[in-house]
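A short write-up of the structure that comes next.
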Amino acid sequence: MDRGDLNDIENEGLLLDGRDLERNRSDMSEKGTVIREPLLKRRINTTSQLAIVGANVCPIESLDYEIVENDLFKQDWRSRKKVQIFQYIVLKWTFALLIGLATGVVGFFNNIAVENIAGFKLLLTSNLLLDKKYVRAFLTFAGCNVVLATLAAALCAFIAPAAAGSGIPEVKAYLNGVDAYSILAPSTLFVKIFGSIFGVSAGFVLGKEGPMVHTGACIASLLGQGGSRKYHLTWRGFRYFKNDRDRRDLITCGAAAGVAAAFRAPVGGVLFALEEAASWWRSALLWRTFFTTAVVAVVLRGFIDFCRSGNCGLFGKGGLIMFDVSSAKATYNTVDLLAVIILGIFGGIFGSLYNYLVDKVLRTYSIINEKGTVFKVILVIAISLLTSCCSFGLPWLAKCTPCPDDLQEVCPTIGRSGNFKSFQCLEGHYNDLASLFLNTNDDAIRNLFSSGTENEFKISTLLIFFAAVYCLGIITYGIAVPSGLFIPVILAGATYGRLIGTLLGSISDLDVGLFALLGSASFLGGTMRMTVSLCVILLELTNDLLMLPFVMVVLLISKTVADCFNRGVYDQIVKMKGFPFMEAHSEPYMRHLVAGDVVSGPLISFAGVEKVGNIMHALKMTGHNGFPVIDEPPFSDAPELVGLVLRSHLLVLLKGKMFSRERVLIENGISRKFDAFDFAKGGAGKGVKLEDLDLQEEDMELYVDLHPITNTSPYTVVETMSLAKAALLFRQLGLRHMCVVPKTTDRPPIVGILTRHDFMPEHVLGLYPHFKSTRGRK
């Protein structure tokens with residue numbers, strides 16, 4: 001992809017006075033392009049056009065959610081038949097169905113693959129432990145983990161670095177209007193699926209839930225851009241969706257489907273997309289998102305029934321996470337209410353500290369990752385060895401515990417999973433710490449959530465496991481493997497929740513398994529700062545509606561406490577990665593500024609009928625995406641703003657060579673040669689690039705009429721509008737460009753163009769350093 005096309009610095013350019021432009025038009029052919037003194041010498045937007053996507057630094061650009069109302073668009077809508085409109089509506093629902101089906105299948109495949117690969121590894125290790133071959137068991141356990149971790153790291157480092165991490169910050173930034181070349185590429189989808197399988201199977205303290213959100217978004221993007229031309233997955237019928245607005249809606253459905261597939265929580269998936277992922281929402285999108293997650297639930301339900309007959313290898317109750325705690329009695333008293341408040345406070349403190357440490361670790365890892373792909377793989381191997389040593393070494397600190405007499409299941413556990421791992425213990429005894437470490441993360445959570453097992457885990461065991469999981473979760477997130485935060489947070493929260501439940505056992509009526517659930521809720525609220533969606537996801541996960549009041553209270557308390565210290569983990573990572581994210585509220589200092597105060601220059605504008613050479617010079621010298629078009633006599637009585645023309649549309653027009661020797665309007669020539677779909681946005685890397693143009697020297701002296709492709713109704717604000725109001729308008733409408741026009745008529749018809757970079761604190765406070773940022777306050 002052309003670097004200029006990716007460098008979204010459309011608000012920087014040369015402001016040409018319209019009347020001077022006309023006076024000098026006649027001698028441009030002899031003297032070349034006339035460069036005039038810019039009106040905005042001081043203000044140059046120097047905010048970064050780069051961001052960390054996955055594990056790599058990539059150029060970023062804004063998305064065009066605005067409808068380009070030019071002559072070709074209007075003609076297309078006038079000529080569109082009812083059948084075509086019906087086809088478009090049917091396709092939207094068909095895409096929602098396909099996204100749900102594909103995400104459900106991928107979610108099931110991920111789970112069955114992890115359960116079988118990790119199950120085989122744990123079964124092999126368990127058999128060696130039963131034979132008292134401890135050294136060989138450790139070498140087998142660590143060796144399998146390193147091999148799987150290396151495979152995951154190699155996929156991320158060499159094929160798709162954008163697949164590293166959870167992907168939720170990238171999806172969130174995309175839905176806010178920020179794009180990078182590889183965020184939703186087919187290669188990213190491939191690595192996200194298999195890298196997540198290998199990473200989770202390698203025993204890392206991470207989950208596949210965050211990557212599933214990214215996976216669903218990638219599937220939606222692949223469908224929405226007409227497939228992939230590179231991989232021969234295209235269809236002409238998809239052309240209706242070659243715009244950022246429809247793709248945004250599809251990717252929102254994909255993100256919701258990812259949550260539904262990961263947690264088997266269709267309603268929670270919809271609420272997650274609404275509360276956390278999407279920046280724009282409407283009722284029609286709610287219907288389609290709910291339909292998509294319902295399809296996912298049906299697909300997963302069908303596969304679960306299929307696997308119950310034993311057709312899925314080692315795939316058992318685990319995998320498709322469903323931590324059923326409904327068998328525990330949800331009776332509680334006043335002491336339990338006080339315990340819930342304490343859990344909420346602990347969750348807020350632990351969660352804010354977790355976010356702080358994750359931010360520091362990510363910044364450190366970014367320095368290591370910049371050294372090259374080999375260093376990424378070495379870092380992953382080092383973390384894998386550390387995790388293996390902890391998982392196999394720490395259980396030696398625990399003493400063997402006699403098996404309870406009233407058990408219905410076998411003790412010690414025989415096989416790959418279970419609550420009672422024998423490890424080094426004699427017959428009739430089990431190692432409770434090994435029962436947590438030498439299991440998949442899903443099975444460990446299930447053990448902590450188990451009810452009626454008050455004495456199964458000792459207090460020392462829970463303390464050791466919490467410290468290990470808390471620290472390992474922090475240092476694991478950020479390495480070059482697909483990794484989610486949900487499972488590590490649920491695991492750590494369940495541990496200290498069960499610990500508090502064990503301590504209060506004599507005076508509390510609440511089961512320790514339910515305390516573990518509340519601990520998970522408190523830690524989730526403290527790290528992610530979501531409330532409604534997390535509440536519903538947890539209830540769908542655990543199948544216990546009676547715990548709704550306590551879950552709500554603990555989420556509200558933990559979020560309130562944590563907000564006193566820092567921001568949510570995903571908001572923090574979005575900022576750390578450098579995405580120019582538009583917040584839902586404006587900063588307080590913006591109320592003291594107006595739009596004209598932050599317009600950066602210089603700005604380039606074109607005449608309604610412009611010389612080809614001038615356009616080519618502007619395209620080569622700048623990376624602007626939008627250019628104002630100004631009509632002057634004889635095409636208008638006075639200089640007036642016609643609208644805005646996009647860089648991509650100019651490239652298509654120049655490639656078609658609809659030129660004339662005189663500065664005249666072309667009435668119907670362009671509409672006969674082009675239609676609206678010729679100017680539709682292609683998928684990543686598909687658009688016309690500057691180097692694709694084959695223009696001769698004599699073409700540079702010809703003229704081209706820009707009126708048919710100019711957006712004649714761009715969003716404009718007067719230069720005296722409050723910057724706070726302009727920022728809210730910019731975000732709520734999902735704009736890429738906002739034209740700033742003068743208050744008086746005796747000046748050029750446009751002052752400049754605002755983009756999202758002009759609203760960033762780095763730019764505004766760079767111009768006015770005496771304002772102190774109060775980001776996060778309203």
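Simple scheme: letters A, B, ... for chains in structure tokens order, numbers from 1 for residues in each chain, numbers from 1 for ligands in the order shown.
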Hey, what's within 7 Å of Ala494 of chain A if we count only C-alpha atoms and toss same-chain stuff fewer than 4 positions away? As a PyMOL selection string, please?
chain A and resi 448+490+498+516-517+519-520
Within 9 Å of segment 195-200 of chain A using only C-alpha atoms, minus same-chain residues under 3 positions, as an NGL selection string
:A and (110-111 or 113-114 or 117-118 or 145 or 147-156 or 163-164 or 190-192 or 203-208 or 211-212 or 440-441 or 481-484)
Tell me, as a PyMOL selection string, which residues lie within 10 Å of Lys655 of chain A, counting only C-alpha atoms; anything in the same chain fewer than 4 positions away does not count.
chain A and resi 649-651+688-690+692-695
Restricted to N, CA and C atoms, what would the selected residues look like written as a tab-separated table (two decimals), in the first residue's frame?
chain	number	residue	atom	x	y	z
A	649	HIS	N	-10.73	9.15	-5.02
A	649	HIS	CA	-11.57	9.47	-6.17
A	649	HIS	C	-10.75	10.20	-7.25
A	650	LEU	N	-9.83	11.04	-6.82
A	650	LEU	CA	-8.97	11.72	-7.79
A	650	LEU	C	-8.11	10.71	-8.56
A	651	LEU	N	-7.61	9.71	-7.88
A	651	LEU	CA	-6.78	8.71	-8.54
A	651	LEU	C	-7.57	7.93	-9.58
A	688	VAL	N	-6.75	2.17	-6.34
A	688	VAL	CA	-5.79	2.72	-7.30
A	688	VAL	C	-4.72	3.50	-6.54
A	689	LYS	N	-3.46	3.27	-6.88
A	689	LYS	CA	-2.35	3.96	-6.23
A	689	LYS	C	-1.74	4.95	-7.21
A	690	LEU	N	-0.96	5.87	-6.66
A	690	LEU	CA	-0.35	6.91	-7.49
A	690	LEU	C	0.56	6.31	-8.55
A	692	ASP	N	0.15	3.65	-10.10
A	692	ASP	CA	-0.64	2.97	-11.14
A	692	ASP	C	-0.99	3.90	-12.29
A	693	LEU	N	-0.85	5.21	-12.09
A	693	LEU	CA	-1.23	6.17	-13.13
A	693	LEU	C	-0.18	6.20	-14.23
A	694	ASP	N	-0.65	6.20	-15.48
A	694	ASP	CA	0.23	6.23	-16.64
A	694	ASP	C	-0.05	7.52	-17.42
A	695	LEU	N	0.46	8.62	-16.90
A	695	LEU	CA	0.22	9.94	-17.50
A	695	LEU	C	1.48	10.43	-18.20
Rows by chain and residue number, segment 384-414 of chain A within 12 Å of segment 471-477 of chain A, shortest pair, only C-alpha atoms, as a tab-separated table:
residue	atom	partner	partner_atom	distance
A:Ser384	CA	A:Thr476	CA	8.7
A:Leu385	CA	A:Leu472	CA	11.6
A:Leu386	CA	A:Leu472	CA	8.7
A:Thr387	CA	A:Leu472	CA	7.1
A:Ser388	CA	A:Leu472	CA	10.8
A:Cys389	CA	A:Leu472	CA	11.5
A:Cys390	CA	A:Leu472	CA	9.1
A:Ser391	CA	A:Leu472	CA	10.4
Taking all heavy atoms for each residue, export the selection above as a compact mmCIF listing (two decimals), in the first residue's frame.
# COMPACT_ATOMS: atom_id res chain seq x y z
N SER A 384 7.57 -18.91 28.31
CA SER A 384 7.05 -20.29 28.33
C SER A 384 7.80 -21.13 29.34
O SER A 384 7.20 -21.90 30.11
CB SER A 384 7.15 -20.90 26.93
OG SER A 384 6.76 -22.26 26.95
N LEU A 385 9.14 -21.02 29.36
CA LEU A 385 9.93 -21.79 30.33
C LEU A 385 9.62 -21.36 31.76
O LEU A 385 9.51 -22.21 32.66
CB LEU A 385 11.43 -21.59 30.03
CG LEU A 385 11.95 -22.29 28.77
CD1 LEU A 385 13.39 -21.87 28.48
CD2 LEU A 385 11.88 -23.81 28.93
N LEU A 386 9.46 -20.05 31.98
CA LEU A 386 9.12 -19.56 33.31
C LEU A 386 7.76 -20.10 33.75
O LEU A 386 7.59 -20.55 34.90
CB LEU A 386 9.12 -18.04 33.31
CG LEU A 386 8.70 -17.36 34.62
CD1 LEU A 386 9.65 -17.74 35.76
CD2 LEU A 386 8.64 -15.85 34.46
N THR A 387 6.78 -20.08 32.84
CA THR A 387 5.44 -20.59 33.17
C THR A 387 5.49 -22.08 33.46
O THR A 387 4.85 -22.56 34.41
CB THR A 387 4.48 -20.31 32.01
OG1 THR A 387 4.46 -18.91 31.71
CG2 THR A 387 3.07 -20.77 32.34
N SER A 388 6.25 -22.83 32.68
CA SER A 388 6.37 -24.27 32.91
C SER A 388 7.02 -24.57 34.25
O SER A 388 6.58 -25.48 34.99
CB SER A 388 7.18 -24.91 31.78
OG SER A 388 6.56 -24.74 30.53
N CYS A 389 8.06 -23.80 34.61
CA CYS A 389 8.73 -24.01 35.90
C CYS A 389 7.78 -23.72 37.06
O CYS A 389 7.77 -24.45 38.06
CB CYS A 389 9.97 -23.11 35.99
SG CYS A 389 11.32 -23.61 34.88
N CYS A 390 6.99 -22.66 36.93
CA CYS A 390 6.02 -22.34 37.98
C CYS A 390 4.95 -23.41 38.08
O CYS A 390 4.58 -23.85 39.19
CB CYS A 390 5.39 -20.98 37.72
SG CYS A 390 6.51 -19.58 37.95
N SER A 391 4.41 -23.82 36.94
CA SER A 391 3.31 -24.79 36.94
C SER A 391 3.74 -26.14 37.48
O SER A 391 2.96 -26.84 38.14
CB SER A 391 2.74 -24.95 35.52
OG SER A 391 2.24 -23.72 35.05
Using only C-alpha atoms, tabulate the residues of segment 264-293 of chain A lying at most 9 Å from any atom of segment 530-533 of chain A, each with its closest atom pair and that distance in Å to one decimal, by chain and increasing residue number, as JSON lines.
{"residue": "A:Val267", "atom": "CA", "partner": "A:Ser533", "partner_atom": "CA", "distance": 8.3}
{"residue": "A:Gly268", "atom": "CA", "partner": "A:Ser533", "partner_atom": "CA", "distance": 5.3}
{"residue": "A:Gly269", "atom": "CA", "partner": "A:Ser533", "partner_atom": "CA", "distance": 7.5}
{"residue": "A:Val270", "atom": "CA", "partner": "A:Ser533", "partner_atom": "CA", "distance": 8.0}
{"residue": "A:Leu271", "atom": "CA", "partner": "A:Ser533", "partner_atom": "CA", "distance": 4.9}
{"residue": "A:Phe272", "atom": "CA", "partner": "A:Ser533", "partner_atom": "CA", "distance": 5.1}
{"residue": "A:Ala273", "atom": "CA", "partner": "A:Ser533", "partner_atom": "CA", "distance": 8.6}
{"residue": "A:Leu274", "atom": "CA", "partner": "A:Ser533", "partner_atom": "CA", "distance": 8.4}
{"residue": "A:Glu275", "atom": "CA", "partner": "A:Ser533", "partner_atom": "CA", "distance": 6.8}
{"residue": "A:Glu276", "atom": "CA", "partner": "A:Met530", "partner_atom": "CA", "distance": 7.2}
Residue contacts of Asp705 of chain A (9 Å, only C-alpha atoms) excluding same-chain residues fewer than 6 positions away, as a VMD selection string
chain A and resid 607 to 611 658 to 660 663 to 666 670
